[in-house]
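Q: Sharing a structure here in structure tokens format.
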Amino acid sequence: MFRICARTGGLRALHGASRGFGTKATAPSRLRNVVWATSVAVLGGLGYVYVTDTRAGVHKYVATPLIRLLDPEDAHNLSIWCLKHGLGPVDRTDDADVLNIELWGKQMANPIGLAAGFDKNGEAIDGLFNLGFGAVEVGSITPHEQAGNPRPRLFRVDESRAVINRMGLNNDGAQVCGDRIKSRFWRMLAAQSRRQGETVASLAAGVNRSARADRLLGVNVSKSKASAPESYSDYVDGLNELGAYADYVVINVSCPNVKNIRAGADVAVLESTIAAVVRARNQMPDYRPPIVLKIGPDNDHDQRRLIAQLAVDYRVDGIIATNTTLSRPRDMVDPNEVGLQTGGLSGEPLRNMALETTRDMYRLTKGRIPIIGCGGISTAEDALQFAKAGASMVQIYSSMTYDGPGKVCEIKDGLVDLLKGRKWSDIVGEDAAKS
């Protein structure tokens, strides 16, 4: 009996000793696990910060080339989906003071805007602002929903870094888009109200329609396909539906992919359209957004002179120069003959036409109306040229197709170097004034 007890006690002692040795043996393993987990967390955090930064090279050299393997329209829709759901990168750097501008009495952090056509339905506004744009323009939006032209309707000319589209103003219509834009505005103000302790009403009285202190939201409106060519009621309806929630409203009179838009080519129709829209804006009860005219690049000098005179006479607040072109510049490199496709051409081959139109409109209006340069801008040098030609602001779009979401920051960083301490606003119209 004693031997049994002794044996049992001895076994217990040995088992206890074994457990003691086990604790000491696993201590280094636990330390390794802690070090490993900490390293993974730190590296994961750094990786997250890198991948979600607009300036990260992975967007330009990895993600964008992969997305371009998709059909152009599918790639575009995927980009919108990612930005809509917060999966796009973010510009975490404050804009340099030399890029700050004032337009229509509102402050902008920088003069680089996104052209209409990218976010047709106002679905990804905040994702786009997060990329670093000073202004985001949504649309074009028509009074009623439109499916647009049949697919395929979007094409890349890779060798010329150009895009051809015949989308046909596909969009969800003014009511759906308007509800989406309004809902976002009030949601943003409610969030600010909770953070700042101010009422939504007091915030609404002084905030930009972008709901961001130094950014502008533009809304581009156009005509439904079913409307008569000489009619201007669609523009007025679009203004009435969407104008109260826009920092500026763009009247798209120059889309080359819709046959019933005659205002860009017919001076009489253009005058009646401008007069009606400005009159409707002036009758708005409270907030009255600036009215901006978007013109095409194919007008000759006499046509531009008449457009400029109408803009001055009716006190239009701005001119965007330019929309896409139906022409195909001779120097466009196109070995696969993509240019034979019908549609408006944008991208680098459009640059010289848009630059000439910008310079001409600045001179013809004598600098009295802000000009927004748009067409073929893909570098800081391009943006600077447009500013010197008279552009108070510039817009980009097609260059993002080839260089990705970091393009706006690339241009901003380059401009800071090129300006050499001067302010953007100081060089607007510099070259146009000399000649």
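Going through the structure tokens in order, the chains are called A, B, and so on, while each chain numbers its residues from 1 and the ligands are numbered from 1 in the order shown.
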Just want the 10 Å neighbourhood of segment 251-255 of chain A, counted on only C-alpha atoms, with same-chain residues fewer than 3 positions away dropped. Output as an NGL selection string.
A: :A and (116 or 139-141 or 166 or 168-169 or 219-223 or 232 or 235-236 or 238-239 or 248 or 258-265 or 269-270 or 273-274 or 277 or 291-298 or 319-320 or 322-326 or 343-344)
Q: Please report, as a ChimeraX atom specification, each residue of segment 59-204 of chain A to which DSSP assigns helix (DSSP H, G or I) when run on this structure's backbone.
A: /A:59-67,72-84,97-99,125-129,158-160,174-196,200-204
Q: Based on the backbone DSSP call, show me all residues of segment 140-306 of chain A assigned strand (DSSP E or B), as a PyMOL selection string.
A: chain A and resi 140-141+146+154-157+162-165+171+216-221+248-252+291-295
Q: Skip Pro329 of chain A itself and residues of its chain fewer than 3 positions away, then list as a PDB file with N, CA and C atoms, in the first residue's frame all residues within 9 Å of it, counting only C-alpha atoms.
A:
```pdb
ATOM      1  N   MET A 332      -2.315  62.263 -84.681  1.00  0.00           N
ATOM      2  CA  MET A 332      -2.734  61.204 -83.763  1.00  0.00           C
ATOM      3  C   MET A 332      -2.176  59.858 -84.229  1.00  0.00           C
ATOM      4  N   PRO A 349      -4.429  64.061 -77.973  1.00  0.00           N
ATOM      5  CA  PRO A 349      -4.566  64.689 -79.293  1.00  0.00           C
ATOM      6  C   PRO A 349      -5.456  65.925 -79.297  1.00  0.00           C
ATOM      7  N   LEU A 350      -6.292  66.087 -78.269  1.00  0.00           N
ATOM      8  CA  LEU A 350      -7.198  67.240 -78.180  1.00  0.00           C
ATOM      9  C   LEU A 350      -6.524  68.469 -77.579  1.00  0.00           C
TER      10      LEU A 350
END
```
Q: Given the choices A:His76, A:Arg330, A:His301, A:Lys388, which gets closest to Thr357 of chain A if the distance is worked out from only C-alpha atoms?
A: A:His301
Q: Rank A:Leu355, A:Ile125, A:Ile164, A:Leu203 by their smallest atom-to-atom distance to Arg180 of chain A, using only C-alpha atoms, and report the top residue only.
A: A:Ile125
Q: Hey, which of A:Tyr397, A:Tyr362, A:Phe118, A:Trp424 ends up closest to Leu384 of chain A? Count only C-alpha atoms.
A: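 Smallest separation from Leu384 of chain A among the options: A:Trp424.
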Q: Using only C-alpha atoms for the distances, tell me which of A:Thr379, A:Lys225, A:Ala308, A:Leu364 is nearest to Val408 of chain A.
A: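 Of the candidates, the smallest distance to Val408 of chain A is held by A:Thr379.
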Q: In Å, how far is it from atom CA of Tyr245 of chain A to atom CA of Asn208 of chain A?
A: 8.9 Å
Q: Pick out the residues sitting within 12 Å of Lys434 of chain A, and hand them over as a ChimeraX atom specification; count only C-alpha atoms, and ignore anything fewer than 2 positions along from it in its own chain.
A: /A:359,363,388-390,427-432
Q: List the spatial neighbours of segment 67-74 of chain A as a ChimeraX atom specification - criterion: any atom at most 10 Å away, only C-alpha atoms, same-chain residues fewer than 2 positions off excluded.
A: /A:62-65,76-80,151-156,163,165,167,401-402,404
Q: Hey, what's within 6 Å of Val136 of chain A if we count only C-alpha atoms and toss same-chain stuff fewer than 6 positions away? As a list in words, please?
A: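 Everything that qualifies: Gly113, Leu114 and Leu217 of chain A.
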Q: May I have the selected residues written with C-alpha atoms, as a PDB file, in the first residue's frame?
A:
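So the final result, stored in selection39.pdb, reads:
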```pdb
ATOM      1  CA  GLY A 113     -11.020  69.684 -61.367  1.00  0.00           C
ATOM      2  CA  LEU A 114     -12.545  66.484 -62.675  1.00  0.00           C
ATOM      3  CA  LEU A 217     -19.250  70.466 -56.769  1.00  0.00           C
TER       4      LEU A 217
END
```
